[in-house]
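S.K.: Below is the structure I would like to discuss, written out as structure tokens.
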Amino acid sequence: MAAGWPGLGSALPLLQNPLEFLRAQYAELGPVFRQAAHDFEFQGFHVEQGNDVLVFMSSTHTDARYFVDPRRFELECFREPRNEHRRKFAFAPYGGGPHICLGAGMGEARLLLTVATLLRHLELECPADQLAYGAIFDPSLSLDDRFEVAVRGRPSLA
Ligand code: HEM
């Protein structure tokens, strides 16, 4: 593939951190389902062994105990020396533990290649006054109607 797409190998790592940031802010992941292995207390609640537990893995993504300034578009937090997302369970788009997603590698590869392919063929521009937008569920997590983006084709890269 690299032979037909010069520069892809060096471009993919550059895309990785923006995609990590976007997934931290707009996690596609809902809760993962677990059963309590033993009784425990959590924030004043008593959970008994066998209780169903929903764990929102993305709750750490905006938690300042893990990410210094989680809402800031700051890619350094995903890079050496900070690597804030590398702390255990701080950033877990594929879940974690013994039931972590079996397709995580495939998911990462497809995500990177899909975005790289779009950016290779299309130029996307978001007007400055459109930068404030919200998230809605319709039927799954999406950007709200205020979000507009201009899409232009790029000249073909022979
Ligand atoms: C971007 C794409 C994907 C995302 C975000 C994703 C996310 C997840 C999450 C959050 C879980 C639950 C993990 C847990 O319970 O701790 C999961 C489980 C699983 N995923 Fe994915 N997944 C993706 C793609 C795929 C693909 C492409 C495959 C297969 C080719 C796959 C196969 C599985 C399987 C088999 C499980 C169950 C693992 C188990 O219970 O032991 N996933 N995935």
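Residue names in the structure tokens use chain letters A, B, ... in the order shown, residue numbers from 1 in each chain, and ligand numbers from 1 in the order shown.
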Using only C-alpha atoms, determine which residues lie at most 8 Å from segment 59-74 of chain A, disregarding the query and same-chain residues fewer than 5 positions distant; provide the list as a VMD selection string.
M.R.: chain A and resid 21 24 to 25 84 to 85 87 89 to 91
S.K.: Write out as an MDAnalysis selection string which residues come within 7 Å of segment 118-129 of chain A when counting only C-alpha atoms, dropping same-chain ones fewer than 6 positions away.
M.R.: chainID A and resid 148:154
S.K.: Could you give me the residues within 7 Å of ligand 1, counting only C-alpha atoms and all ligand atoms, as a list of chain:residue names?
M.R.: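 Using only C-alpha atoms and all ligand atoms, I find these residues within 7 Å of ligand 1: A:Glu28, A:Leu29, A:Val32, A:Phe33, A:Pro93, A:Tyr94, A:Gly95, A:Gly96, A:Gly97, A:Pro98, A:His99, A:Ile100, A:Cys101, A:Leu102, A:Gly103, A:Ala104, A:Met106, A:Gly107, A:Glu108, A:Leu111.
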S.K.: Can I get the selection written as an mmCIF file, in the first residue's frame, with N, CA and C atoms?
M.R.:
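Everything below was put into part-v6.cif:
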```cif
data_model
loop_
_atom_site.group_PDB
_atom_site.id
_atom_site.type_symbol
_atom_site.label_atom_id
_atom_site.label_comp_id
_atom_site.auth_asym_id
_atom_site.auth_seq_id
_atom_site.Cartn_x
_atom_site.Cartn_y
_atom_site.Cartn_z
ATOM 1 N N GLU A 28 -17.366 7.065 21.543
ATOM 2 C CA GLU A 28 -18.401 6.261 20.895
ATOM 3 C C GLU A 28 -18.870 5.152 21.818
ATOM 4 N N LEU A 29 -18.074 4.974 22.880
ATOM 5 C CA LEU A 29 -18.315 3.849 23.772
ATOM 6 C C LEU A 29 -19.407 4.159 24.794
ATOM 7 N N VAL A 32 -19.907 -0.524 29.537
ATOM 8 C CA VAL A 32 -19.677 -1.963 29.444
ATOM 9 C C VAL A 32 -20.367 -2.597 30.659
ATOM 10 N N PHE A 33 -20.857 -3.786 30.455
ATOM 11 C CA PHE A 33 -21.659 -4.464 31.476
ATOM 12 C C PHE A 33 -20.806 -5.456 32.240
ATOM 13 N N PRO A 93 -11.003 3.186 24.837
ATOM 14 C CA PRO A 93 -12.083 3.147 23.845
ATOM 15 C C PRO A 93 -12.513 1.732 23.478
ATOM 16 N N TYR A 94 -11.698 0.745 23.813
ATOM 17 C CA TYR A 94 -12.066 -0.643 23.501
ATOM 18 C C TYR A 94 -12.343 -1.440 24.773
ATOM 19 N N GLY A 95 -12.708 -0.762 25.825
ATOM 20 C CA GLY A 95 -12.942 -1.446 27.085
ATOM 21 C C GLY A 95 -11.623 -1.823 27.724
ATOM 22 N N GLY A 96 -11.675 -2.768 28.653
ATOM 23 C CA GLY A 96 -10.438 -3.161 29.331
ATOM 24 C C GLY A 96 -10.623 -4.447 30.099
ATOM 25 N N GLY A 97 -9.522 -5.003 30.541
ATOM 26 C CA GLY A 97 -9.578 -6.240 31.314
ATOM 27 C C GLY A 97 -9.709 -7.456 30.404
ATOM 28 N N PRO A 98 -10.123 -8.583 30.976
ATOM 29 C CA PRO A 98 -10.146 -9.840 30.217
ATOM 30 C C PRO A 98 -11.081 -9.795 29.006
ATOM 31 N N HIS A 99 -12.066 -8.893 29.004
ATOM 32 C CA HIS A 99 -13.008 -8.839 27.884
ATOM 33 C C HIS A 99 -12.772 -7.643 26.973
ATOM 34 N N ILE A 100 -11.565 -7.143 26.985
ATOM 35 C CA ILE A 100 -11.258 -6.034 26.073
ATOM 36 C C ILE A 100 -11.573 -6.460 24.640
ATOM 37 N N CYS A 101 -11.985 -5.502 23.828
ATOM 38 C CA CYS A 101 -12.412 -5.777 22.451
ATOM 39 C C CYS A 101 -11.386 -6.633 21.692
ATOM 40 N N LEU A 102 -11.875 -7.719 21.120
ATOM 41 C CA LEU A 102 -10.969 -8.588 20.363
ATOM 42 C C LEU A 102 -10.580 -7.972 19.027
ATOM 43 N N GLY A 103 -11.373 -6.987 18.574
ATOM 44 C CA GLY A 103 -11.081 -6.375 17.276
ATOM 45 C C GLY A 103 -10.406 -5.023 17.414
ATOM 46 N N ALA A 104 -9.789 -4.736 18.568
ATOM 47 C CA ALA A 104 -9.224 -3.399 18.804
ATOM 48 C C ALA A 104 -8.202 -3.013 17.734
ATOM 49 N N MET A 106 -7.941 -4.150 14.683
ATOM 50 C CA MET A 106 -8.632 -3.922 13.406
ATOM 51 C C MET A 106 -9.398 -2.595 13.442
ATOM 52 N N GLY A 107 -10.019 -2.300 14.593
ATOM 53 C CA GLY A 107 -10.751 -1.046 14.730
ATOM 54 C C GLY A 107 -9.832 0.149 14.550
ATOM 55 N N GLU A 108 -8.659 0.106 15.191
ATOM 56 C CA GLU A 108 -7.695 1.209 15.071
ATOM 57 C C GLU A 108 -7.247 1.395 13.631
ATOM 58 N N LEU A 111 -10.079 2.828 11.490
ATOM 59 C CA LEU A 111 -10.350 4.230 11.817
ATOM 60 C C LEU A 111 -9.301 5.134 11.172
#
```
S.K.: As a list in words, which residues of chain A does DSSP assign to strand (DSSP E)?
M.R.: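 Matching residues, listed in order: Val32, Phe33, Arg34, Gln35, Phe40, Glu41, Phe42, Phe45, His46, Val47, Asp52, Val53, Leu54, Val55, Leu122, Glu123, Leu124, Glu125, Ala135, Ile136, Phe137, Leu141, Ser142, Leu143, Ala150, Val151, Arg152 and Gly153 of chain A.
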S.K.: Between atom CA of Ala27 of chain A and atom CA of Arg110 of chain A, what is the spacing in Å?
M.R.: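 Separation of atom CA of Arg110 of chain A and atom CA of Ala27 of chain A: 16.7 Å.
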S.K.: Counting only C-alpha atoms, what is within 12 Å of Ser140 of chain A, bar same-chain residues fewer than 2 positions away, as a PyMOL selection string?
M.R.: chain A and resi 26-30+135-138+142-144
S.K.: Of the candidates A:Phe147, A:Phe78, A:Tyr133, A:Phe56, which one gets nearest to Gln16 of chain A if we count only C-alpha atoms?
M.R.: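 Closest to Gln16 of chain A of all the choices is A:Phe78.
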S.K.: Find, counting only C-alpha atoms, the residue in A:Ala92, A:Val53, A:Val47, A:Ala116 that gets nearest to Pro18 of chain A.
M.R.: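 Distance minimum relative to Pro18 of chain A lands on A:Ala116.
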S.K.: Record the distance separating atom CA of Asn17 of chain A and atom CA of Pro31 of chain A, expressed in Å with one decimal.
M.R.: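 Separation between atom CA of Asn17 of chain A and atom CA of Pro31 of chain A: 23.4 Å.
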S.K.: Could you check which of A:Ala36, A:Leu141, A:Val115, A:Leu54 is closest to Leu15 of chain A, using only C-alpha atoms?
M.R.: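 For Leu15 of chain A, the nearest of the candidates is A:Val115.
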